[in-house]
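Please read the structure below before turning to the comments.
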Amino acid sequence: MATVLIVAPVFALIAAGYASVLFRFVSEGAHKGISEFAFSIAIPALLFRTIVVSEFPDVSPWRMWGAYYGALALTWVAALLISVLRRKDREDGVVFAIGSVYGNIVMLGIPLVLSALGNEAAGPMSLILSVNTPLLWLCGILQMELVSRKRTGSALAVIRPVLADLARNPLMLGIGFGVVWRFTGLGLNPVVDKTIELLAQAGSPAALIALGINLFRFEVKGEMPSVVAMSALKLLAMPAAAFVLANLLNLPPVVTGVVVLFAAMPTGANAYIFAVQYQRLVNPVSGAVALGTLLAAVTLPVVVVMVAGVR
């Protein structure tokens, strides 16, 4: 019953967003405004406040990153091997790998982790978020440039636009300013703290509604073997690897929970953006976003129970 109370409201809000478009209560383009509010204002405020006021666990971030990104790396390699066995070209293989590891840890991950693990999870969650997008985009772009052999300049010339975009990313700014303000030791004025808290509380519901609206444009189409393989790697293989690595690295229960839950998130929209950018496997990745989110309603309760068992 406790697991239902954690997972059901999260997916109910996603369903509400989807239904609001399906029954034309809002336009399909409504996700843009809601998403901009969630990701440019509310969630950055949540991350800023989280980093400033939260107690971080007494654990090396390298061990935590080792568990999460170790699982991600193993899944990435497995995806590349599957792609080779299916005789896909190497550029498709990179996109297939991105679709197998790039989880929806912002829209879906943040609300679910906070609901399942509470505010204790906020610190570890922020540490993973702080490097996830830069690392995955840089690795994906560099590998794509390598396998396509179309490099027109230095590696720095390839990644400079990505770094410039990340420097303006509201999520990265929220994390960065939070780290800087925490090191000042000034804390937050009660009025400022309450204002940011109220704003942050809107972040998770807005993100889930936006996710539901956004799913309306994703369809389960394209090569079904690729869609199923990406979904299986993302929903099953990656969280299983994360669970094993977290235990081998002897991470505390809450940190283990964050690592495993984040690893269990379905394929996110950023993987689709990557596929569109290179015009590779666009339909299969779109299908993985849609099917993965649907299947996550079944797999995530199991992961929540597993995580609860180690707490």
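Going by the structure tokens order, chains are called A, B, ..., each with residues numbered from 1, while ligands are numbered from 1 in the order shown.
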
From the DSSP assignment of the backbone, select every residue of region 93-135 of chain A that is alpha helix (DSSP H), and format the answer as a JSON list (two decimals) with C-alpha atoms, in the first residue's frame.
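Output file result_0.json follows:
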[["chain", "number", "residue", "atom", "x", "y", "z"],
["A", 93, "GLY", "CA", 24.71, 2.56, -32.39],
["A", 94, "VAL", "CA", 25.56, 5.80, -30.58],
["A", 95, "VAL", "CA", 21.93, 6.96, -30.69],
["A", 96, "PHE", "CA", 20.76, 3.50, -29.62],
["A", 97, "ALA", "CA", 23.12, 3.73, -26.62],
["A", 98, "ILE", "CA", 21.89, 7.22, -25.69],
["A", 99, "GLY", "CA", 18.30, 5.97, -25.85],
["A", 100, "SER", "CA", 19.24, 3.10, -23.53],
["A", 101, "VAL", "CA", 20.88, 5.20, -20.79],
["A", 110, "ILE", "CA", 13.01, 14.19, -8.99],
["A", 111, "PRO", "CA", 9.33, 13.89, -7.97],
["A", 112, "LEU", "CA", 9.51, 10.13, -7.50],
["A", 113, "VAL", "CA", 12.77, 10.10, -5.55],
["A", 114, "LEU", "CA", 11.61, 12.84, -3.19],
["A", 115, "SER", "CA", 8.29, 11.06, -2.72],
["A", 116, "ALA", "CA", 9.91, 7.67, -2.08],
["A", 117, "LEU", "CA", 12.95, 8.67, -0.03],
["A", 122, "ALA", "CA", 17.93, 15.66, -1.95],
["A", 123, "GLY", "CA", 21.70, 15.92, -1.50],
["A", 124, "PRO", "CA", 22.68, 12.75, -3.40],
["A", 125, "MET", "CA", 20.09, 13.57, -6.04],
["A", 126, "SER", "CA", 21.66, 16.97, -6.68],
["A", 127, "LEU", "CA", 25.13, 15.49, -7.01],
["A", 128, "ILE", "CA", 23.99, 13.14, -9.78],
["A", 129, "LEU", "CA", 22.02, 15.87, -11.54],
["A", 130, "SER", "CA", 25.01, 18.21, -11.51],
["A", 131, "VAL", "CA", 27.01, 16.07, -13.93],
["A", 132, "ASN", "CA", 24.40, 14.00, -15.77],
["A", 133, "THR", "CA", 23.50, 16.28, -18.68],
["A", 134, "PRO", "CA", 27.03, 17.59, -19.36],
["A", 135, "LEU", "CA", 28.53, 14.12, -19.21]]

Can you pull out every residue within 6 Å of region 48-63 of chain A, counting only C-alpha atoms, but drop anything in the same chain fewer than 5 positions away, and send it as a ChimeraX atom specification?
/A:123,174-175,178,182

If we count only C-alpha atoms, what is near Glu219 (chain A) at a cut-off of 8 Å, once residues fewer than 6 positions away on the same chain are taken out, given as a PyMOL selection string?
chain A and resi 283+286-287+290

Two-atom distance - CA of Ala237 (chain A), CA of Val258 (chain A) (Å)
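Those two atoms sit 16.3 Å apart.
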
Using only C-alpha atoms, which residues sit within 8 Å of region 293-308 of chain A once same-chain residues fewer than 5 positions away are excluded, as number ranges by chain?
A: 3-4, 7, 11, 116, 235, 253, 256-257, 260-261, 264-267

Create the file for the chosen residues now, containing C-alpha atoms and written as an mmCIF file, in the first residue's frame.
data_model
loop_
_atom_site.group_PDB
_atom_site.id
_atom_site.type_symbol
_atom_site.label_atom_id
_atom_site.label_comp_id
_atom_site.auth_asym_id
_atom_site.auth_seq_id
_atom_site.Cartn_x
_atom_site.Cartn_y
_atom_site.Cartn_z
ATOM 1 C CA THR A 3 4.372 1.788 -2.579
ATOM 2 C CA VAL A 4 1.054 2.606 -4.251
ATOM 3 C CA VAL A 7 4.037 5.798 -7.238
ATOM 4 C CA PHE A 11 1.698 8.618 -12.649
ATOM 5 C CA ALA A 116 9.905 7.671 -2.081
ATOM 6 C CA LEU A 235 14.237 -0.199 -17.203
ATOM 7 C CA PRO A 253 20.739 2.993 2.064
ATOM 8 C CA THR A 256 21.650 3.460 -2.843
ATOM 9 C CA GLY A 257 17.974 4.293 -3.238
ATOM 10 C CA VAL A 260 18.902 2.771 -8.229
ATOM 11 C CA LEU A 261 15.747 4.851 -8.696
ATOM 12 C CA ALA A 264 15.383 2.924 -13.300
ATOM 13 C CA MET A 265 13.856 6.006 -14.935
ATOM 14 C CA PRO A 266 12.541 5.441 -18.481
ATOM 15 C CA THR A 267 14.132 6.990 -21.552
#

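Considering only C-alpha atoms, the residue among A:Ala240, A:Met64, A:Val289, A:Leu47 positioned nearest to Phe216 (chain A) is A:Val289.
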
Of the residues A:Met238, A:Met144, A:Leu173, A:Ala38, which is the one nearest to Ala78 (chain A), using only C-alpha atoms?
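Result for the nearest residue to Ala78 (chain A): A:Met238.
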
Which value, in Å to one decimal, gives the distance between CA of Glu36 (chain A) and CA of Gly203 (chain A)?
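Those two atoms sit 10.6 Å apart.
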